[in-house]
$ cat my_file.txt   # compact mmCIF, C-alpha atoms
# COMPACT_ATOMS: atom_id res chain seq x y z
CA MET A 1 0.00 0.00 0.00
CA PRO A 2 1.28 3.53 -0.61
CA ASP A 3 2.69 5.55 2.13
CA PRO A 4 -0.18 7.74 3.52
CA ARG A 5 2.31 10.42 4.47
CA ARG A 6 3.29 10.87 0.85
CA PRO A 7 0.84 13.01 -1.22
CA LEU A 8 -0.69 11.22 -4.16
CA ARG A 9 -0.08 12.46 -7.68
CA ARG A 10 -3.11 13.79 -9.53
CA LEU A 11 -4.07 11.61 -12.44
CA THR A 12 -5.34 14.57 -14.45
CA GLU A 13 -2.22 16.56 -14.02
CA ALA A 14 -0.35 17.02 -17.31
CA ARG A 15 2.79 18.70 -18.35
CA SER A 16 2.65 22.32 -19.35
CA ILE A 17 4.18 21.72 -22.78
CA SER A 18 1.70 19.00 -23.70
CA ARG A 19 -1.25 21.07 -22.64
CA ALA A 20 -0.10 24.11 -24.61
CA PHE A 21 0.49 22.05 -27.75
CA THR A 22 -2.98 20.54 -27.54
CA HIS A 23 -4.60 23.93 -27.22
CA VAL A 24 -2.73 25.27 -30.24
CA MET A 25 -3.77 22.27 -32.34
CA VAL A 26 -7.45 22.68 -31.47
CA ILE A 27 -7.44 26.39 -32.19
CA GLY A 28 -5.72 25.88 -35.52
CA LEU A 29 -8.15 23.17 -36.56
CA VAL A 30 -11.12 25.40 -35.77
CA ALA A 31 -9.63 28.33 -37.66
CA PHE A 32 -8.85 26.16 -40.70
CA THR A 33 -12.32 24.70 -40.80
CA SER A 34 -13.91 28.15 -40.54
CA ALA A 35 -11.77 29.59 -43.33
CA PHE A 36 -12.50 26.64 -45.56
CA ALA A 37 -16.24 26.95 -44.99
CA ILE A 38 -16.23 30.70 -45.69
CA GLY A 39 -14.32 30.22 -48.95
CA ALA A 40 -16.65 27.49 -50.07
CA ALA A 41 -19.69 29.67 -49.32
CA ARG A 42 -18.30 32.57 -51.37
CA SER A 43 -17.55 30.42 -54.37
CA GLY A 44 -20.80 28.51 -54.10
CA SER A 45 -22.80 31.05 -56.08
CA SER A 46 -20.70 30.53 -59.23
CA ALA A 47 -19.56 26.95 -58.80
CA ASP A 48 -21.44 23.87 -59.96
CA PRO A 49 -23.61 22.31 -57.33
CA SER A 50 -22.01 18.92 -57.86
CA THR A 51 -18.54 20.40 -57.27
CA GLN A 52 -19.76 22.09 -54.05
CA SER A 53 -21.10 18.81 -52.76
CA GLU A 54 -17.80 17.11 -53.44
CA LEU A 55 -15.84 19.83 -51.70
CA LEU A 56 -18.09 20.11 -48.66
CA GLY A 57 -19.01 16.47 -48.43
CA ILE A 58 -22.52 17.33 -47.25
CA ASP A 59 -24.91 15.38 -49.41
CA LEU A 60 -28.06 16.77 -47.81
CA VAL A 61 -27.07 20.39 -48.50
CA ALA A 62 -26.22 19.47 -52.07
CA ARG A 63 -29.57 17.89 -52.65
CA ALA A 64 -31.35 20.91 -51.26
CA ARG A 65 -29.31 23.27 -53.40
CA GLY A 66 -29.77 21.06 -56.47
CA ALA A 67 -33.53 21.00 -56.00
CA ALA A 68 -33.65 24.76 -55.64
CA ALA A 69 -31.41 25.29 -58.68
CA SER A 70 -33.40 22.91 -60.85
CA GLU A 71 -36.60 24.92 -60.38
CA GLN A 72 -37.18 27.32 -63.24
CA PRO A 73 -39.58 30.25 -63.10
CA LEU A 74 -42.95 29.51 -64.70
CA ASP A 75 -43.25 31.64 -67.78
CA ARG A 76 -46.68 31.09 -69.14
CA SER A 77 -49.07 33.48 -70.84
CA LEU A 78 -52.77 32.87 -70.43
CA ARG A 79 -54.72 33.33 -73.59
CA PHE A 80 -58.49 33.25 -73.72
CA GLU A 81 -60.55 33.06 -76.82
CA LEU A 82 -64.15 34.19 -76.82
CA THR A 83 -66.58 32.02 -78.68
CA PRO A 84 -70.23 32.80 -79.22
CA ASP A 85 -72.79 30.96 -77.12
CA PRO A 86 -74.91 28.81 -79.43
CA ASN A 87 -77.82 29.06 -77.01
CA ARG A 88 -78.05 32.86 -77.25
CA PRO A 89 -80.23 34.30 -80.02
CA ASP A 90 -77.84 37.19 -80.54
CA PRO A 91 -74.23 35.85 -80.64
CA ASP A 92 -72.75 39.25 -81.48
CA LEU A 93 -69.90 39.80 -79.02
CA SER A 94 -68.70 43.09 -80.42
CA ARG A 95 -71.15 45.05 -78.31
CA SER A 96 -69.61 45.55 -74.93
CA ALA A 97 -72.18 48.00 -73.57
CA PRO A 98 -74.20 46.51 -70.74
CA ARG A 99 -77.84 45.96 -71.32
CA VAL A 100 -80.28 47.94 -69.26
CA LEU A 101 -83.38 46.02 -68.37
CA PRO A 102 -86.50 48.00 -67.53
CA THR A 103 -87.36 47.94 -63.87
CA PRO A 104 -91.05 47.82 -63.09
CA PHE A 105 -92.34 50.64 -60.97
CA PRO A 106 -93.29 49.66 -57.44
CA THR A 107 -96.94 49.35 -56.72
CA ALA A 108 -98.21 52.48 -55.07
CA LEU A 109 -99.53 51.96 -51.59
CA PRO A 110 -102.98 53.24 -50.78
CA THR A 111 -103.03 56.70 -49.31
CA PRO A 112 -103.76 56.45 -45.61
CA VAL A 113 -107.09 57.88 -44.70
CA ALA A 114 -107.39 59.80 -41.49
CA PRO A 115 -109.83 58.27 -39.04
CA PRO A 116 -113.15 60.03 -38.84
CA MET A 117 -113.48 62.72 -36.27
CA PRO A 118 -115.31 61.62 -33.18
CA ALA A 119 -118.85 62.78 -32.91
CA PRO A 120 -119.13 65.93 -30.86
CA ARG A 121 -120.20 65.27 -27.34
CA PRO A 122 -123.60 66.65 -26.49
CA ALA A 123 -123.51 69.69 -24.35
CA PRO A 124 -124.16 68.83 -20.73
CA PRO A 125 -127.58 69.83 -19.55
CA PRO A 126 -127.68 73.02 -17.60
CA PRO A 127 -127.67 72.55 -13.87
CA PRO A 128 -131.08 72.58 -12.38
CA LYS A 129 -132.10 75.88 -11.07
CA VAL A 130 -132.24 75.87 -7.35
CA LYS A 131 -135.27 77.62 -6.22
CA ALA A 132 -134.22 80.18 -3.76
CA ALA A 133 -135.96 79.99 -0.47
CA PRO A 134 -138.50 82.73 -0.17
CA VAL A 135 -137.63 85.49 2.17
CA ILE A 136 -140.36 85.68 4.75
CA VAL A 137 -140.06 88.22 7.48
CA GLY A 138 -142.23 87.80 10.51
CA THR A 139 -143.78 90.56 12.52
CA GLY A 140 -141.59 89.97 15.55
CA GLN A 141 -144.63 89.55 17.77
CA LEU A 142 -145.19 85.84 18.45
CA ALA A 143 -148.62 84.26 18.77
CA TRP A 144 -149.53 81.66 21.35
CA PRO A 145 -148.31 78.36 19.82
CA VAL A 146 -150.90 76.07 21.49
CA PRO A 147 -154.34 77.67 21.52
CA GLY A 148 -156.05 76.86 24.86
CA GLY A 149 -152.88 75.44 26.39
CA THR A 150 -151.49 76.33 29.79
CA ILE A 151 -147.94 76.79 31.03
CA THR A 152 -146.76 73.89 33.22
CA GLN A 153 -143.11 74.94 33.48
CA TYR A 154 -141.52 78.31 32.91
CA TYR A 155 -138.18 79.36 31.45
CA SER A 156 -135.15 79.06 33.78
CA SER A 157 -131.42 78.52 33.69
CA TYR A 158 -131.90 74.77 33.72
CA HIS A 159 -135.03 74.77 31.50
CA LEU A 160 -134.49 76.97 28.46
CA ALA A 161 -138.07 76.89 27.21
CA VAL A 162 -141.74 77.16 28.17
CA ASP A 163 -143.80 73.97 28.49
CA ILE A 164 -147.42 74.46 27.32
CA ALA A 165 -149.72 71.55 28.18
CA ALA A 166 -152.80 70.55 26.18
CA SER A 167 -154.72 67.41 25.35
CA TYR A 168 -153.50 64.96 22.71
CA GLY A 169 -154.21 66.06 19.15
CA THR A 170 -154.60 69.73 19.90
CA ASN A 171 -153.35 71.84 16.99
CA VAL A 172 -149.92 73.45 17.30
CA VAL A 173 -149.67 76.60 15.18
CA ALA A 174 -146.77 78.70 13.83
CA ALA A 175 -146.06 81.54 16.22
CA ASP A 176 -145.25 83.83 13.26
CA ALA A 177 -144.85 83.70 9.49
CA GLY A 178 -141.67 82.11 8.18
CA VAL A 179 -139.98 79.16 6.45
CA VAL A 180 -139.67 75.67 7.97
CA SER A 181 -135.91 75.10 8.40
CA SER A 182 -136.15 71.54 9.79
CA ALA A 183 -138.87 69.04 10.60
CA GLY A 184 -138.50 65.46 11.84
CA TRP A 185 -137.34 63.21 14.62
CA ARG A 186 -134.48 64.16 16.95
CA ASN A 187 -132.60 61.74 19.16
CA ASN A 188 -131.79 64.32 21.84
CA GLY A 189 -135.06 63.60 23.65
CA GLY A 190 -137.14 66.13 21.78
CA GLY A 191 -139.01 63.53 19.70
CA PHE A 192 -140.75 65.12 16.72
CA VAL A 193 -139.42 68.69 16.40
CA ILE A 194 -140.21 71.54 13.98
CA GLU A 195 -138.08 74.68 13.60
CA ILE A 196 -139.31 77.81 11.77
CA ASP A 197 -137.05 80.66 10.66
CA HIS A 198 -139.00 83.89 10.73
CA GLY A 199 -136.42 85.84 8.72
CA ASN A 200 -135.84 88.57 11.29
CA GLY A 201 -133.28 86.79 13.43
CA ILE A 202 -135.93 84.89 15.40
CA VAL A 203 -136.28 81.09 15.21
CA THR A 204 -138.96 79.14 17.09
CA ALA A 205 -138.78 75.42 17.94
CA TYR A 206 -141.64 73.06 18.85
CA ASN A 207 -140.70 69.80 20.69
CA HIS A 208 -142.55 66.56 21.72
CA LEU A 209 -145.07 66.83 18.86
CA GLY A 210 -147.34 63.92 18.08
CA SER A 211 -146.42 64.05 14.35
CA VAL A 212 -145.18 66.47 11.66
CA TRP A 213 -147.48 68.13 9.12
CA VAL A 214 -144.96 70.39 7.31
CA GLY A 215 -141.57 69.87 5.65
CA PRO A 216 -138.28 71.77 5.32
CA GLY A 217 -138.47 74.75 2.98
CA GLN A 218 -142.20 75.10 3.33
CA VAL A 219 -143.59 78.61 3.88
CA VAL A 220 -146.05 78.91 6.75
CA THR A 221 -148.15 81.81 7.84
CA LYS A 222 -148.75 83.05 11.33
CA GLY A 223 -151.28 80.87 13.13
CA GLU A 224 -151.11 78.03 10.55
CA ALA A 225 -151.42 74.52 12.06
CA ILE A 226 -148.15 72.62 11.72
CA ALA A 227 -148.51 69.59 14.07
CA PRO A 228 -150.67 68.00 16.81
CA VAL A 229 -149.80 67.96 20.52
CA GLY A 230 -148.11 64.74 21.60
CA CYS A 231 -145.61 63.27 24.02
CA THR A 232 -142.70 61.96 21.91
CA GLY A 233 -139.12 61.73 23.08
CA ILE A 234 -138.41 62.20 26.77
CA CYS A 235 -141.81 63.37 28.01
CA THR A 236 -144.12 62.91 31.07
CA GLY A 237 -147.35 64.11 29.47
CA PRO A 238 -148.83 65.78 26.35
CA HIS A 239 -147.34 69.21 26.00
CA VAL A 240 -145.16 71.41 23.71
CA HIS A 241 -141.63 72.38 24.74
CA PHE A 242 -141.55 75.82 23.07
CA GLU A 243 -138.17 77.51 22.49
CA THR A 244 -137.36 80.96 21.15
CA ILE A 245 -133.90 81.56 19.62
CA VAL A 246 -132.80 85.11 18.86
CA GLY A 247 -129.45 85.66 17.14
CA GLY A 248 -128.46 82.06 17.92
CA VAL A 249 -129.16 82.41 21.65
CA ILE A 250 -132.09 80.75 23.42
CA VAL A 251 -134.10 83.40 25.25
CA ASN A 252 -137.27 83.48 27.33
CA PRO A 253 -140.25 83.13 24.93
CA LEU A 254 -142.47 85.22 27.18
CA ARG A 255 -140.56 88.31 26.01
CA TYR A 256 -142.09 87.89 22.55
CA LEU A 257 -145.47 86.30 23.31
$ encode --input "my_file.txt" --output "structure tokens"
Amino acid sequence: MPDPRRPLRRLTEARSISRAFTHVMVIGLVAFTSAFAIGAARSGSSADPSTQSELLGIDLVARARGAAASEQPLDRSLRFELTPDPNRPDPDLSRSAPRVLPTPFPTALPTPVAPPMPAPRPAPPPPPKVKAAPVIVGTGQLAWPVPGGTITQYYSSYHLAVDIAASYGTNVVAADAGVVSSAGWRNNGGGFVIEIDHGNGIVTAYNHLGSVWVGPGQVVTKGEAIAPVGCTGICTGPHVHFETIVGGVIVNPLRYL
């Protein structure tokens, strides 16, 4: 076995002279090959393809160059001869002007007709004439509303009227001339009630009537019978709860009776 204390010699180590000679040989071979290839390429345009293939020794390149060199440009002239068509009635080909065929005119569309005007609407009927309520002005002096009746309760702060008692069916008359402003049943305890506007700021009201003989808007005269005595609504006996309203305020009827 080798002595381990002695360093081993590298197998790849070469002498300096041998290595330099090898490098020079390789470089020279490469330079020669390059120069030879460049010279062959320059003379290839004028040399015969077969000679180039022999010099280069590359058969594939020679074949490719030979195929390219063997191709010749196509020099052909196309010539066309015109012959008359035996199926055409006029075989004259000297006329080159295009034929103009007549084009039929389009069919005219019907002229649109405007729709008929709608029938005029009839004029609305005039509004019905409202008959103005007649202006009736009383005398201001009230008549006794229940002829033959007697007062059972007078006017007070808690009873804003005069109660006039009479037997059932006794006529109740208008205290003065005027227009009936309301007539019918009231749910406030008055039962059948009639109000008359006398046109001078005075309105009279008649409560607990047995029925109603006049209607709203009706003109009544002073002393005309308008209802019978009854006991409708909240009532303890046949009588008339008579109210007098002046300027919207309930006053004592005895001032005007």
$ residues_around --input "my_file.txt" --residues "range 224-229 of chain A" --least-positions-apart "3" --cutoff "6 Å" --atoms "all atoms listed in the file" --output "JSON, numbers by chain"
{"A": [168, 169, 170, 171, 172, 173, 174, 209, 210, 211, 212, 213, 214, 221]}
$ closest_residue --input "my_file.txt" --among "A:Thr244, A:Thr33, A:Ser18, A:Thr236" --to "Thr152 in chain A" --atoms "all atoms listed in the file"
A:Thr236
$ closest_residue --input "my_file.txt" --among "A:Ile17, A:Ala123, A:Val162, A:Met25" --to "His241 in chain A" --atoms "all atoms listed in the file"
A:Val162
$ residues_around --input "my_file.txt" --residues "Ala205 in chain A" --least-positions-apart "5" --cutoff "6 Å" --atoms "only C-alpha atoms" --output "list in words"
Ile194, Glu195, Phe242 and Glu243 of chain A
$ atom_distance --input "my_file.txt" --atom1 "CA of Pro145 in chain A" --atom2 "CA of Val203 in chain A"
13.2 Å
$ closest_residue --input "my_file.txt" --among "A:Asn87, A:Asn200, A:Thr111, A:Thr103" --to "Gln141 in chain A" --atoms "only C-alpha atoms"
A:Asn200
$ closest_residue --input "my_file.txt" --among "A:Ala35, A:Val193, A:Ala165, A:Val220" --to "Ile136 in chain A" --atoms "only C-alpha atoms"
A:Val220
$ residues_around --input "my_file.txt" --residues "Asp163 in chain A" --least-positions-apart "4" --cutoff "10 Å" --atoms "all atoms listed in the file" --output "list in words"
Gly149, Thr150, Ile151, Thr152, Gln153, Tyr154, Tyr155, His159, Tyr206, Asn207, Pro238, His239, Val240, His241, Phe242 and Glu243 of chain A
$ write_last_selection --input "my_file.txt" --atoms "C-alpha atoms" --output "PDB file, in the coordinates of the input"
ATOM      1  CA  GLY A 149    -152.880  75.440  26.390  1.00  0.00           C
ATOM      2  CA  THR A 150    -151.490  76.330  29.790  1.00  0.00           C
ATOM      3  CA  ILE A 151    -147.940  76.790  31.030  1.00  0.00           C
ATOM      4  CA  THR A 152    -146.760  73.890  33.220  1.00  0.00           C
ATOM      5  CA  GLN A 153    -143.110  74.940  33.480  1.00  0.00           C
ATOM      6  CA  TYR A 154    -141.520  78.310  32.910  1.00  0.00           C
ATOM      7  CA  TYR A 155    -138.180  79.360  31.450  1.00  0.00           C
ATOM      8  CA  HIS A 159    -135.030  74.770  31.500  1.00  0.00           C
ATOM      9  CA  TYR A 206    -141.640  73.060  18.850  1.00  0.00           C
ATOM     10  CA  ASN A 207    -140.700  69.800  20.690  1.00  0.00           C
ATOM     11  CA  PRO A 238    -148.830  65.780  26.350  1.00  0.00           C
ATOM     12  CA  HIS A 239    -147.340  69.210  26.000  1.00  0.00           C
ATOM     13  CA  VAL A 240    -145.160  71.410  23.710  1.00  0.00           C
ATOM     14  CA  HIS A 241    -141.630  72.380  24.740  1.00  0.00           C
ATOM     15  CA  PHE A 242    -141.550  75.820  23.070  1.00  0.00           C
ATOM     16  CA  GLU A 243    -138.170  77.510  22.490  1.00  0.00           C
TER      17      GLU A 243
END
$ closest_residue --input "my_file.txt" --among "A:Ala177, A:Val146, A:Ala183, A:Ala108" --to "Val219 in chain A" --atoms "all atoms listed in the file"
A:Ala177
$ residues_around --input "my_file.txt" --residues "Ile202 in chain A" --least-positions-apart "3" --cutoff "10 Å" --atoms "all atoms listed in the file" --output "PyMOL selection string"
chain A and resi 137-138+140+142+176+178+196-199+244-250+256
$ write_last_selection --input "my_file.txt" --atoms "C-alpha atoms" --output "compact mmCIF listing (two decimals), in the frame of the given file"
# COMPACT_ATOMS: atom_id res chain seq x y z
CA VAL A 137 -140.06 88.22 7.48
CA GLY A 138 -142.23 87.80 10.51
CA GLY A 140 -141.59 89.97 15.55
CA LEU A 142 -145.19 85.84 18.45
CA ASP A 176 -145.25 83.83 13.26
CA GLY A 178 -141.67 82.11 8.18
CA ILE A 196 -139.31 77.81 11.77
CA ASP A 197 -137.05 80.66 10.66
CA HIS A 198 -139.00 83.89 10.73
CA GLY A 199 -136.42 85.84 8.72
CA THR A 244 -137.36 80.96 21.15
CA ILE A 245 -133.90 81.56 19.62
CA VAL A 246 -132.80 85.11 18.86
CA GLY A 247 -129.45 85.66 17.14
CA GLY A 248 -128.46 82.06 17.92
CA VAL A 249 -129.16 82.41 21.65
CA ILE A 250 -132.09 80.75 23.42
CA TYR A 256 -142.09 87.89 22.55
$ atom_distance --input "my_file.txt" --atom1 "CA of Gly148 in chain A" --atom2 "CA of Ser182 in chain A"
25.5 Å
$ residues_around --input "my_file.txt" --residues "Gly189 in chain A" --least-positions-apart "3" --cutoff "10 Å" --atoms "all atoms listed in the file" --output "PDB file with C-alpha atoms, in the frame of the given file"
ATOM      1  CA  TRP A 185    -137.340  63.210  14.620  1.00  0.00           C
ATOM      2  CA  ARG A 186    -134.480  64.160  16.950  1.00  0.00           C
ATOM      3  CA  PHE A 192    -140.750  65.120  16.720  1.00  0.00           C
ATOM      4  CA  VAL A 193    -139.420  68.690  16.400  1.00  0.00           C
ATOM      5  CA  ASN A 207    -140.700  69.800  20.690  1.00  0.00           C
ATOM      6  CA  HIS A 208    -142.550  66.560  21.720  1.00  0.00           C
ATOM      7  CA  THR A 232    -142.700  61.960  21.910  1.00  0.00           C
ATOM      8  CA  GLY A 233    -139.120  61.730  23.080  1.00  0.00           C
ATOM      9  CA  ILE A 234    -138.410  62.200  26.770  1.00  0.00           C
ATOM     10  CA  CYS A 235    -141.810  63.370  28.010  1.00  0.00           C
TER      11      CYS A 235
END
$ closest_residue --input "my_file.txt" --among "A:Pro112, A:Gly190, A:Gly201, A:Pro104" --to "Gly230 in chain A" --atoms "all atoms listed in the file"
A:Gly190
$ atom_distance --input "my_file.txt" --atom1 "CA of Asn188 in chain A" --atom2 "CA of Leu160 in chain A"
14.5 Å
$ build_atoms --input "my_file.txt" --residues "range 148-159 of chain A" --atoms "all heavy atoms" --output "compact mmCIF listing (two decimals), in the coordinates of the input"
# COMPACT_ATOMS: atom_id res chain seq x y z
N GLY A 148 -155.37 77.50 23.75
CA GLY A 148 -156.05 76.86 24.86
C GLY A 148 -155.11 76.13 25.80
O GLY A 148 -155.54 75.54 26.79
N GLY A 149 -153.82 76.13 25.52
CA GLY A 149 -152.88 75.44 26.39
C GLY A 149 -152.46 76.29 27.56
O GLY A 149 -152.55 77.52 27.53
N THR A 150 -151.93 75.62 28.59
CA THR A 150 -151.49 76.33 29.79
C THR A 150 -150.03 76.01 30.07
O THR A 150 -149.52 74.92 29.71
CB THR A 150 -152.33 75.91 31.00
OG1 THR A 150 -152.25 74.49 31.18
CG2 THR A 150 -153.79 76.30 30.82
N ILE A 151 -149.36 76.97 30.72
CA ILE A 151 -147.94 76.79 31.03
C ILE A 151 -147.83 75.88 32.24
O ILE A 151 -148.43 76.15 33.30
CB ILE A 151 -147.27 78.13 31.29
CG1 ILE A 151 -147.30 79.01 30.04
CG2 ILE A 151 -145.82 77.93 31.74
CD1 ILE A 151 -146.74 80.40 30.23
N THR A 152 -147.01 74.78 32.10
CA THR A 152 -146.76 73.89 33.22
C THR A 152 -145.35 74.06 33.76
O THR A 152 -145.06 73.62 34.87
CB THR A 152 -146.95 72.43 32.78
OG1 THR A 152 -146.10 72.15 31.67
CG2 THR A 152 -148.41 72.18 32.39
N GLN A 153 -144.48 74.68 33.00
CA GLN A 153 -143.11 74.94 33.48
C GLN A 153 -142.59 76.16 32.73
O GLN A 153 -142.70 76.25 31.50
CB GLN A 153 -142.19 73.72 33.26
CG GLN A 153 -140.83 73.88 33.92
CD GLN A 153 -140.00 72.60 33.84
OE1 GLN A 153 -140.45 71.59 33.31
NE2 GLN A 153 -138.80 72.64 34.40
N TYR A 154 -142.00 77.05 33.48
CA TYR A 154 -141.52 78.31 32.91
C TYR A 154 -140.03 78.19 32.53
O TYR A 154 -139.33 77.21 32.84
CB TYR A 154 -141.73 79.45 33.89
CG TYR A 154 -143.17 79.85 34.04
CD1 TYR A 154 -143.97 79.24 35.01
CD2 TYR A 154 -143.70 80.85 33.25
CE1 TYR A 154 -145.30 79.63 35.15
CE2 TYR A 154 -145.04 81.24 33.40
CZ TYR A 154 -145.83 80.62 34.33
OH TYR A 154 -147.16 81.00 34.49
N TYR A 155 -139.58 79.26 31.89
CA TYR A 155 -138.18 79.36 31.45
C TYR A 155 -137.29 79.57 32.66
O TYR A 155 -137.63 80.35 33.56
CB TYR A 155 -138.02 80.54 30.49
CG TYR A 155 -136.60 80.76 30.01
CD1 TYR A 155 -136.11 80.14 28.87
CD2 TYR A 155 -135.75 81.65 30.70
CE1 TYR A 155 -134.83 80.37 28.43
CE2 TYR A 155 -134.46 81.88 30.25
CZ TYR A 155 -134.00 81.24 29.11
OH TYR A 155 -132.72 81.46 28.68
N SER A 156 -136.13 78.89 32.71
CA SER A 156 -135.15 79.06 33.78
C SER A 156 -133.78 78.70 33.24
O SER A 156 -133.63 78.30 32.07
CB SER A 156 -135.50 78.17 34.99
OG SER A 156 -135.43 76.80 34.63
N SER A 157 -132.80 78.81 34.12
CA SER A 157 -131.42 78.52 33.69
C SER A 157 -131.22 77.04 33.39
O SER A 157 -130.32 76.68 32.62
CB SER A 157 -130.43 78.97 34.76
OG SER A 157 -130.71 78.30 35.99
N TYR A 158 -132.04 76.20 33.97
CA TYR A 158 -131.90 74.77 33.72
C TYR A 158 -133.02 74.26 32.80
O TYR A 158 -133.06 73.09 32.44
CB TYR A 158 -131.94 73.98 35.04
CG TYR A 158 -133.18 74.18 35.87
CD1 TYR A 158 -134.32 73.39 35.69
CD2 TYR A 158 -133.21 75.17 36.86
CE1 TYR A 158 -135.45 73.61 36.45
CE2 TYR A 158 -134.35 75.37 37.62
CZ TYR A 158 -135.47 74.58 37.41
OH TYR A 158 -136.61 74.79 38.18
N HIS A 159 -133.96 75.13 32.43
CA HIS A 159 -135.03 74.77 31.50
C HIS A 159 -135.21 75.93 30.54
O HIS A 159 -135.92 76.90 30.82
CB HIS A 159 -136.33 74.47 32.26
CG HIS A 159 -137.44 73.98 31.38
ND1 HIS A 159 -138.49 74.80 30.98
CD2 HIS A 159 -137.68 72.76 30.83
CE1 HIS A 159 -139.32 74.10 30.23
NE2 HIS A 159 -138.84 72.84 30.13
